[in-house]
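K.L.:
Just so it is clear, I am handing over model_36.cif, which has mmCIF, C-alpha atoms and all ligand atoms; chains and numbers go by the auth columns.
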```
data_my_file
loop_
_atom_site.group_PDB
_atom_site.id
_atom_site.type_symbol
_atom_site.label_atom_id
_atom_site.label_comp_id
_atom_site.label_asym_id
_atom_site.label_seq_id
_atom_site.Cartn_x
_atom_site.Cartn_y
_atom_site.Cartn_z
_atom_site.B_iso_or_equiv
_atom_site.auth_seq_id
_atom_site.auth_asym_id
ATOM 1 C CA MET A 1 31.322 6.362 -48.547 0.00 49 Y
ATOM 2 C CA ALA A 2 33.926 8.875 -47.401 0.00 50 Y
ATOM 3 C CA ARG A 3 37.595 7.839 -47.358 0.00 51 Y
ATOM 4 C CA HIS A 4 39.116 7.780 -43.867 0.00 52 Y
ATOM 5 C CA PHE A 5 42.740 8.861 -43.443 0.00 53 Y
ATOM 6 C CA ASP A 6 45.004 8.951 -40.417 0.00 54 Y
ATOM 7 C CA TYR A 7 46.850 12.248 -40.044 0.00 55 Y
ATOM 8 C CA PHE A 8 50.169 10.927 -41.382 0.00 56 Y
ATOM 9 C CA ASP A 9 48.639 9.169 -44.432 0.00 57 Y
ATOM 10 C CA ASP A 10 48.944 10.741 -47.892 0.00 58 Y
ATOM 11 C CA TRP A 11 45.690 12.650 -47.698 0.00 59 Y
ATOM 12 C CA LYS A 12 47.281 15.839 -49.050 0.00 60 Y
ATOM 13 C CA THR A 13 48.120 14.319 -52.450 0.00 61 Y
ATOM 14 C CA GLU A 14 45.442 11.629 -52.944 0.00 62 Y
ATOM 15 C CA ILE A 15 42.883 12.567 -55.608 0.00 63 Y
ATOM 16 C CA LEU A 16 39.296 12.303 -54.369 0.00 64 Y
ATOM 17 C CA GLU A 17 36.293 11.921 -56.656 0.00 65 Y
ATOM 18 C CA CYS A 18 32.706 13.018 -56.061 0.00 66 Y
ATOM 19 C CA PRO A 19 30.359 10.058 -56.706 0.00 67 Y
ATOM 20 C CA LYS A 20 27.578 12.482 -57.646 0.00 68 Y
ATOM 21 C CA CYS A 21 29.056 15.030 -60.060 0.00 69 Y
ATOM 22 C CA GLY A 22 32.474 13.525 -60.855 0.00 70 Y
ATOM 23 C CA TRP A 23 34.509 16.457 -59.441 0.00 71 Y
ATOM 24 C CA LYS A 24 38.127 15.445 -58.773 0.00 72 Y
ATOM 25 C CA GLY A 25 40.634 17.108 -56.506 0.00 73 Y
ATOM 26 C CA THR A 26 42.699 16.886 -53.348 0.00 74 Y
ATOM 27 C CA PHE A 27 41.380 17.046 -49.784 0.00 75 Y
ATOM 28 C CA GLU A 28 42.394 20.687 -49.467 0.00 76 Y
ATOM 29 C CA GLU A 29 40.779 21.637 -52.803 0.00 77 Y
ATOM 30 C CA GLY A 30 37.477 20.358 -51.460 0.00 78 Y
ATOM 31 C CA ASP A 31 35.241 22.170 -49.013 0.00 79 Y
ATOM 32 C CA VAL A 32 37.133 21.580 -45.725 0.00 80 Y
ATOM 33 C CA GLY A 33 35.517 21.684 -42.274 0.00 81 Y
ATOM 34 C CA TYR A 34 37.540 21.627 -39.024 0.00 82 Y
ATOM 35 C CA TYR A 35 36.129 19.964 -35.889 0.00 83 Y
ATOM 36 C CA GLU A 36 37.241 18.842 -32.442 0.00 84 Y
ATOM 37 C CA GLN A 37 38.514 15.383 -33.384 0.00 85 Y
ATOM 38 C CA LEU A 38 38.856 15.544 -37.173 0.00 86 Y
ATOM 39 C CA MET A 39 38.559 17.539 -40.366 0.00 87 Y
ATOM 40 C CA ASP A 40 36.485 16.579 -43.377 0.00 88 Y
ATOM 41 C CA SER A 41 36.309 17.532 -47.031 0.00 89 Y
ATOM 42 C CA SER A 42 33.109 17.688 -49.072 0.00 90 Y
ATOM 43 C CA CYS A 43 32.511 18.185 -52.785 0.00 91 Y
ATOM 44 C CA PRO A 44 32.969 21.902 -53.570 0.00 92 Y
ATOM 45 C CA THR A 45 30.688 21.909 -56.631 0.00 93 Y
ATOM 46 C CA CYS A 46 27.614 20.007 -55.387 0.00 94 Y
ATOM 47 C CA SER A 47 25.408 22.300 -53.350 0.00 95 Y
ATOM 48 C CA TYR A 48 24.874 22.027 -49.597 0.00 96 Y
ATOM 49 C CA PRO A 49 23.316 19.973 -47.977 0.00 97 Y
ATOM 50 C CA ASN A 50 23.558 17.431 -50.814 0.00 98 Y
ATOM 51 C CA ASP A 51 27.339 17.718 -51.239 0.00 99 Y
ATOM 52 C CA PRO A 52 28.864 14.307 -50.556 0.00 100 Y
ATOM 53 C CA MET A 53 31.545 14.085 -47.886 0.00 101 Y
ATOM 54 C CA LEU A 54 34.596 12.740 -49.717 0.00 102 Y
ATOM 55 C CA ALA A 55 37.132 12.162 -46.941 0.00 103 Y
ATOM 56 C CA ILE A 56 37.797 12.420 -43.204 0.00 104 Y
ATOM 57 C CA VAL A 57 41.199 12.995 -41.585 0.00 105 Y
ATOM 58 C CA SER A 58 41.568 12.172 -37.871 0.00 106 Y
ATOM 59 C CA TYR A 59 43.934 14.311 -35.811 0.00 107 Y
ATOM 60 C CA PRO A 60 46.852 12.298 -34.447 0.00 108 Y
ATOM 61 C CA THR A 61 47.542 11.222 -30.893 0.00 109 Y
ATOM 62 C CA HIS A 62 50.739 12.282 -29.117 0.00 110 Y
ATOM 63 C CA ASP A 63 52.202 8.807 -29.739 0.00 111 Y
ATOM 64 C CA GLU A 64 51.505 9.062 -33.460 0.00 112 Y
ATOM 65 C CA VAL A 65 53.216 12.446 -33.587 0.00 113 Y
ATOM 66 C CA GLU A 66 56.244 11.131 -31.702 0.00 114 Y
ATOM 67 C CA ALA A 67 56.501 8.265 -34.197 0.00 115 Y
ATOM 68 C CA ASN A 68 56.250 10.641 -37.172 0.00 116 Y
ATOM 69 C CA LEU A 69 58.267 13.669 -36.098 0.00 117 Y
ATOM 70 C CA ASP A 70 60.253 13.569 -39.358 0.00 118 Y
ATOM 71 C CA LYS A 71 57.026 14.186 -41.286 0.00 119 Y
ATOM 72 C CA LEU A 72 56.318 17.488 -39.517 0.00 120 Y
ATOM 73 C CA SER A 73 57.498 20.737 -41.084 0.00 121 Y
ATOM 74 C CA VAL A 74 60.251 22.678 -39.306 0.00 122 Y
ATOM 75 C CA ARG A 75 57.662 25.120 -37.996 0.00 123 Y
ATOM 76 C CA GLU A 76 55.312 22.369 -36.771 0.00 124 Y
ATOM 77 C CA ARG A 77 58.197 20.586 -35.063 0.00 125 Y
ATOM 78 C CA SER A 78 59.366 23.722 -33.296 0.00 126 Y
ATOM 79 C CA ALA A 79 55.816 24.479 -32.113 0.00 127 Y
ATOM 80 C CA TYR A 80 55.445 20.871 -30.971 0.00 128 Y
ATOM 81 C CA ARG A 81 58.669 21.069 -28.919 0.00 129 Y
ATOM 82 C CA GLN A 82 57.525 24.304 -27.348 0.00 130 Y
ATOM 83 C CA ARG A 83 54.198 22.761 -26.390 0.00 131 Y
ATOM 84 C CA LYS A 84 55.919 19.725 -24.897 0.00 132 Y
ATOM 85 C CA ARG A 85 58.123 21.975 -22.819 0.00 133 Y
ATOM 86 C CA HIS A 86 55.000 23.813 -21.659 0.00 134 Y
ATOM 87 C CA GLU A 87 53.444 20.483 -20.618 0.00 135 Y
ATOM 88 C CA GLN A 88 56.490 19.717 -18.505 0.00 136 Y
ATOM 89 C CA LEU A 89 56.165 23.131 -16.859 0.00 137 Y
ATOM 90 C CA TRP A 90 52.548 22.275 -16.120 0.00 138 Y
ATOM 91 C CA GLU A 91 53.481 18.975 -14.498 0.00 139 Y
ATOM 92 C CA THR A 92 55.983 20.815 -12.303 0.00 140 Y
ATOM 93 C CA TYR A 93 53.945 23.840 -11.232 0.00 141 Y
ATOM 94 C CA CYS A 94 50.228 22.960 -11.322 0.00 142 Y
ATOM 95 C CA LEU A 95 48.253 23.145 -8.083 0.00 143 Y
ATOM 96 C CA ARG A 96 47.437 19.637 -6.857 0.00 144 Y
ATOM 97 C CA ARG A 97 46.489 19.964 -3.168 0.00 145 Y
ATOM 98 C CA PRO A 98 44.851 22.705 -1.067 0.00 146 Y
ATOM 99 C CA GLU A 99 47.729 22.489 1.454 0.00 147 Y
ATOM 100 C CA GLN A 100 50.015 24.041 -1.157 0.00 148 Y
ATOM 101 C CA LEU A 101 48.081 27.318 -0.875 0.00 149 Y
ATOM 102 C CA PRO A 102 49.115 30.037 1.609 0.00 150 Y
ATOM 103 C CA ASP A 103 46.986 31.042 4.610 0.00 151 Y
ATOM 104 C CA LEU A 104 45.031 34.263 4.037 0.00 152 Y
ATOM 105 C CA GLU A 105 43.513 36.764 6.480 0.00 153 Y
ATOM 106 C CA GLY A 106 39.936 38.086 6.303 0.00 154 Y
ATOM 107 C CA ASP A 107 36.323 36.969 6.718 0.00 155 Y
ATOM 108 C CA GLU A 108 35.472 37.456 3.036 0.00 156 Y
ATOM 109 C CA ILE A 109 38.069 36.572 0.448 0.00 157 Y
ATOM 110 C CA THR A 110 37.764 37.622 -3.188 0.00 158 Y
ATOM 111 C CA LEU A 111 40.523 36.298 -5.389 0.00 159 Y
ATOM 112 C CA ILE A 112 41.544 37.590 -8.810 0.00 160 Y
ATOM 113 C CA TRP A 113 42.200 35.209 -11.733 0.00 161 Y
ATOM 114 C CA ASP A 114 44.828 36.884 -13.896 0.00 162 Y
ATOM 115 C CA MET A 115 47.185 36.079 -16.771 0.00 163 Y
ATOM 116 C CA GLU A 116 50.865 36.765 -17.269 0.00 164 Y
ATOM 117 C CA ASP A 117 53.132 36.163 -20.248 0.00 165 Y
ATOM 118 C CA VAL A 118 56.668 35.169 -19.355 0.00 166 Y
ATOM 119 C CA GLY A 119 58.813 34.609 -22.449 0.00 167 Y
ATOM 120 C CA ASP A 120 56.930 32.167 -24.675 0.00 168 Y
ATOM 121 C CA ASP A 121 54.739 30.899 -21.846 0.00 169 Y
ATOM 122 C CA SER A 122 51.422 32.063 -20.442 0.00 170 Y
ATOM 123 C CA TRP A 123 50.667 31.639 -16.753 0.00 171 Y
ATOM 124 C CA THR A 124 47.500 31.773 -14.693 0.00 172 Y
ATOM 125 C CA VAL A 125 48.093 33.943 -11.635 0.00 173 Y
ATOM 126 C CA ILE A 126 45.692 33.877 -8.661 0.00 174 Y
ATOM 127 C CA ARG A 127 45.976 37.035 -6.565 0.00 175 Y
ATOM 128 C CA HIS A 128 44.602 38.259 -3.241 0.00 176 Y
ATOM 129 C CA GLY A 129 45.099 42.018 -3.417 0.00 177 Y
ATOM 130 C CA ASP A 130 48.752 42.452 -4.337 0.00 178 Y
ATOM 131 C CA ARG A 131 49.712 39.034 -3.064 0.00 179 Y
ATOM 132 C CA VAL A 132 50.238 36.140 -5.478 0.00 180 Y
ATOM 133 C CA VAL A 133 48.410 33.105 -4.075 0.00 181 Y
ATOM 134 C CA TRP A 134 49.293 30.672 -6.878 0.00 182 Y
ATOM 135 C CA ARG A 135 50.895 30.635 -10.341 0.00 183 Y
ATOM 136 C CA GLU A 136 50.697 27.797 -12.838 0.00 184 Y
ATOM 137 C CA PRO A 137 51.097 27.430 -16.614 0.00 185 Y
ATOM 138 C CA ALA A 138 47.961 28.366 -18.552 0.00 186 Y
ATOM 139 C CA TRP A 139 46.747 27.114 -21.892 0.00 187 Y
ATOM 140 C CA TYR A 140 44.295 28.443 -24.425 0.00 188 Y
ATOM 141 C CA GLU A 141 40.660 27.763 -23.428 0.00 189 Y
ATOM 142 C CA CYS A 142 41.702 26.489 -19.991 0.00 190 Y
ATOM 143 C CA TYR A 143 38.186 26.987 -18.568 0.00 191 Y
ATOM 144 C CA PRO A 144 37.913 23.310 -17.482 0.00 192 Y
ATOM 145 C CA ARG A 145 40.736 24.124 -15.095 0.00 193 Y
ATOM 146 C CA PHE A 146 38.641 26.891 -13.536 0.00 194 Y
ATOM 147 C CA ASP A 147 36.302 24.554 -11.638 0.00 195 Y
ATOM 148 C CA ALA A 148 39.163 22.296 -10.577 0.00 196 Y
ATOM 149 C CA MET A 149 40.966 25.334 -9.148 0.00 197 Y
ATOM 150 C CA LEU A 150 37.802 26.634 -7.506 0.00 198 Y
ATOM 151 C CA TYR A 151 37.368 23.321 -5.761 0.00 199 Y
ATOM 152 C CA LEU A 152 40.920 23.403 -4.383 0.00 200 Y
ATOM 153 C CA LEU A 153 40.604 27.069 -3.353 0.00 201 Y
ATOM 154 C CA LYS A 154 37.295 26.382 -1.623 0.00 202 Y
ATOM 155 C CA ARG A 155 38.809 23.410 0.207 0.00 203 Y
ATOM 156 C CA LYS A 156 41.522 25.714 1.517 0.00 204 Y
ATOM 157 C CA TYR A 157 39.542 28.887 2.322 0.00 205 Y
ATOM 158 C CA GLY A 158 36.079 27.416 2.988 0.00 206 Y
ATOM 159 C CA ARG A 159 33.084 29.733 3.266 0.00 207 Y
ATOM 160 C CA ARG A 160 35.331 32.763 3.502 0.00 208 Y
ATOM 161 C CA LEU A 161 35.954 32.468 -0.238 0.00 209 Y
ATOM 162 C CA VAL A 162 33.214 34.534 -1.910 0.00 210 Y
ATOM 163 C CA ASP A 163 34.456 34.957 -5.493 0.00 211 Y
ATOM 164 C CA VAL A 164 37.234 34.241 -7.946 0.00 212 Y
ATOM 165 C CA GLU A 165 37.026 37.051 -10.450 0.00 213 Y
ATOM 166 C CA PRO A 166 38.761 36.826 -13.849 0.00 214 Y
ATOM 167 C CA THR A 167 40.417 40.062 -14.983 0.00 215 Y
ATOM 168 C CA CYS A 168 39.403 41.566 -18.354 0.00 216 Y
ATOM 169 C CA GLY A 169 42.745 40.468 -19.774 0.00 217 Y
ATOM 170 C CA SER A 170 42.327 36.832 -18.734 0.00 218 Y
ATOM 171 C CA TRP A 171 38.842 36.141 -20.163 0.00 219 Y
ATOM 172 C CA GLY A 172 40.050 35.713 -23.758 0.00 220 Y
ATOM 173 C CA TRP A 173 42.625 33.089 -22.850 0.00 221 Y
ATOM 174 C CA LEU A 174 40.420 31.402 -20.265 0.00 222 Y
ATOM 175 C CA CYS A 175 37.334 31.003 -22.456 0.00 223 Y
ATOM 176 C CA GLY A 176 38.656 31.294 -26.015 0.00 224 Y
ATOM 177 C CA ASP A 177 36.118 31.228 -28.841 0.00 225 Y
ATOM 178 C CA ARG A 178 33.465 29.371 -26.891 0.00 226 Y
ATOM 179 C CA LEU A 179 30.480 31.315 -25.590 0.00 227 Y
ATOM 180 C CA ALA A 180 29.454 28.278 -23.519 0.00 228 Y
ATOM 181 C CA SER A 181 32.710 28.515 -21.595 0.00 229 Y
ATOM 182 C CA ILE A 182 31.812 32.015 -20.322 0.00 230 Y
ATOM 183 C CA ARG A 183 28.582 30.558 -18.923 0.00 231 Y
ATOM 184 C CA TRP A 184 30.648 27.702 -17.445 0.00 232 Y
ATOM 185 C CA VAL A 185 32.943 30.100 -15.579 0.00 233 Y
ATOM 186 C CA ASP A 186 30.109 32.374 -14.422 0.00 234 Y
ATOM 187 C CA GLY A 187 28.085 29.313 -13.360 0.00 235 Y
ATOM 188 C CA TRP A 188 30.882 28.147 -11.109 0.00 236 Y
ATOM 189 C CA ARG A 189 31.326 31.644 -9.642 0.00 237 Y
ATOM 190 C CA ALA A 190 27.586 31.789 -8.846 0.00 238 Y
ATOM 191 C CA LYS A 191 27.698 28.385 -7.140 0.00 239 Y
ATOM 192 C CA LEU A 192 30.649 29.538 -5.109 0.00 240 Y
ATOM 193 C CA ARG A 193 28.696 32.527 -3.741 0.00 241 Y
ATOM 194 C CA GLU A 194 25.669 30.425 -2.809 0.00 242 Y
ATOM 195 C CA THR A 195 27.332 27.608 -0.951 0.00 243 Y
ATOM 196 C CA THR A 196 30.263 25.252 -1.023 0.00 244 Y
ATOM 197 C CA PRO A 197 30.183 23.889 -4.582 0.00 245 Y
ATOM 198 C CA GLU A 198 29.848 20.190 -5.120 0.00 246 Y
ATOM 199 C CA PRO A 199 32.464 19.741 -7.790 0.00 247 Y
ATOM 200 C CA GLU A 200 32.273 17.511 -10.818 0.00 248 Y
ATOM 201 C CA PRO A 201 33.933 14.171 -10.006 0.00 249 Y
ATOM 202 C CA GLU A 202 36.836 14.887 -12.366 0.00 250 Y
ATOM 203 C CA ALA A 203 37.563 18.178 -10.570 0.00 251 Y
ATOM 204 C CA ARG A 204 38.372 16.219 -7.410 0.00 252 Y
ATOM 205 C CA SER A 205 41.255 14.457 -9.082 0.00 253 Y
ATOM 206 C CA ALA A 206 43.043 17.557 -10.264 0.00 254 Y
ATOM 207 C CA PRO A 207 44.935 18.209 -12.322 0.00 255 Y
ATOM 208 C CA ARG A 208 43.707 17.403 -15.763 0.00 256 Y
ATOM 209 C CA ARG A 209 46.392 17.217 -18.339 0.00 257 Y
ATOM 210 C CA PRO A 210 46.174 20.233 -20.593 0.00 258 Y
ATOM 211 C CA TRP A 211 46.790 18.378 -23.863 0.00 259 Y
ATOM 212 C CA SER A 212 45.807 14.764 -23.618 0.00 260 Y
ATOM 213 C CA ARG A 213 45.019 14.485 -27.287 0.00 261 Y
ATOM 214 C CA MET A 214 46.789 15.811 -30.317 0.00 262 Y
ATOM 215 C CA ASN A 215 43.679 17.647 -31.485 0.00 263 Y
ATOM 216 C CA ASP A 216 44.032 19.951 -28.487 0.00 264 Y
ATOM 217 C CA PHE A 217 47.623 20.428 -29.508 0.00 265 Y
ATOM 218 C CA LEU A 218 46.613 21.331 -33.058 0.00 266 Y
ATOM 219 C CA ARG A 219 44.044 23.810 -31.798 0.00 267 Y
ATOM 220 C CA SER A 220 46.608 25.438 -29.560 0.00 268 Y
ATOM 221 C CA LEU A 221 49.098 25.358 -32.412 0.00 269 Y
ATOM 222 C CA TRP A 222 46.632 27.184 -34.618 0.00 270 Y
ATOM 223 C CA HIS A 223 46.117 29.857 -32.001 0.00 271 Y
ATOM 224 C CA PHE A 224 49.860 29.982 -31.433 0.00 272 Y
ATOM 225 C CA PHE A 225 50.428 30.889 -35.081 0.00 273 Y
ATOM 226 C CA GLN A 226 47.641 33.486 -34.962 0.00 274 Y
ATOM 227 C CA ARG A 227 49.417 35.423 -32.237 0.00 275 Y
HETATM 228 ZN ZN ZN B . 29.956 16.761 -56.423 0.00 1 M
#
```
Would you kindly transcribe this structure into structure tokens?
Ligand SMILES: [Zn+2]
P.N.:
Amino acid sequence: MARHFDYFDDWKTEILECPKCGWKGTFEEGDVGYYEQLMDSSCPTCSYPNDPMLAIVSYPTHDEVEANLDKLSVRERSAYRQRKRHEQLWETYCLRRPEQLPDLEGDEITLIWDMEDVGDDSWTVIRHGDRVVWREPAWYECYPRFDAMLYLLKRKYGRRLVDVEPTCGSWGWLCGDRLASIRWVDGWRAKLRETTPEPEPEARSAPRRPWSRMNDFLRSLWHFFQR
């Protein structure tokens, strides 16, 4: 039976033991796998798929991080503060209602989904020709925001809106490492061309919070340090 640790437990120093071969070592000396909600460590000497899973570490929630800020390294704390500031920017500038969008001329409207870096922050910029229609803070793999935005744009511009086209430079940030997210974005663009899309229920109540769980934060942190 694998040990289960919370993120701020002593999982880095606890010695784990393989019930099959007797190997002993720390979580990080084992064979570590990283997933959406957790990471796990399996015996590094037993061979796959018969290598026992020795321990699981759950990623923390925001509240758990707030309660354990002193346990973060200086670098983690600074990245956490930056992300929190970015969340506040999001709350201030995200598009919530179609009435916030400007009126546009033309029978067929194609909008461009672009990205801009301003200081430490990345922004999604929606353009019509040279005109900026909307700007809001972006986050890594923000493709779930794409359909929510499409719904609001369609509500404003109706059948005149024929496409929202991501620029080459914005695809990486919009879809990240996930191939499925490219299909997600293209699927929504195709629906938009056919007819007025019937959005997912959650897209109606925009916006979604960009980092509701700490695991999203850790993922973004990881990508932050890769930059
Ligand atoms: Zn083993």
K.L.:
Apply the PyMOL selection byres (((not hetatm)) within 7 of (chain M and resi 1)) to the structure shown and report the selected residues as a PyMOL selection string.
P.N.:
chain Y and resi 66-71+91-94+99-100
K.L.:
Applying 6 Å and all atoms listed in the file, which residues near range 197-212 of chain Y remain after dropping the ones on its own chain fewer than 3 positions away? List them as a PyMOL selection string.
P.N.:
chain Y and resi 146+155-160+194+241
K.L.:
Within 9 Å of Gly224 in chain Y, counting all atoms listed in the file, which residues qualify if same-chain residues fewer than 5 places away don't, as number ranges by chain?
P.N.:
Y: 188-191, 219, 229-230
K.L.:
Take the residues that were just selected and, keeping C-alpha atoms, output them as an mmCIF file, in the frame of the given file.
P.N.:
```cif
data_model
loop_
_atom_site.group_PDB
_atom_site.id
_atom_site.type_symbol
_atom_site.label_atom_id
_atom_site.label_comp_id
_atom_site.auth_asym_id
_atom_site.auth_seq_id
_atom_site.Cartn_x
_atom_site.Cartn_y
_atom_site.Cartn_z
ATOM 1 C CA TYR Y 188 44.295 28.443 -24.425
ATOM 2 C CA GLU Y 189 40.660 27.763 -23.428
ATOM 3 C CA CYS Y 190 41.702 26.489 -19.991
ATOM 4 C CA TYR Y 191 38.186 26.987 -18.568
ATOM 5 C CA TRP Y 219 38.842 36.141 -20.163
ATOM 6 C CA SER Y 229 32.710 28.515 -21.595
ATOM 7 C CA ILE Y 230 31.812 32.015 -20.322
#
```
K.L.:
I'd like the residues picked by the PyMOL selection byres (((chain Y and resi 52-55) around 10) and not hetatm) written out as a ChimeraX atom specification, using the chain letters and numbers from the file.
P.N.:
/Y:49-51,56-60,86-88,102-109,112-113,116
K.L.:
How many Å lie between CA of Asp165 in chain Y and CA of Pro185 in chain Y, rounded to one decimal?
P.N.:
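Separating CA of Asp165 in chain Y from CA of Pro185 in chain Y is a distance of 9.7 Å.
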K.L.:
Applying 6 Å and only C-alpha atoms, which residues near range 172-176 of chain Y remain after dropping the ones on its own chain fewer than 6 positions away? List them as a VMD selection string.
P.N.:
chain Y and resid 159 to 163 182 to 186
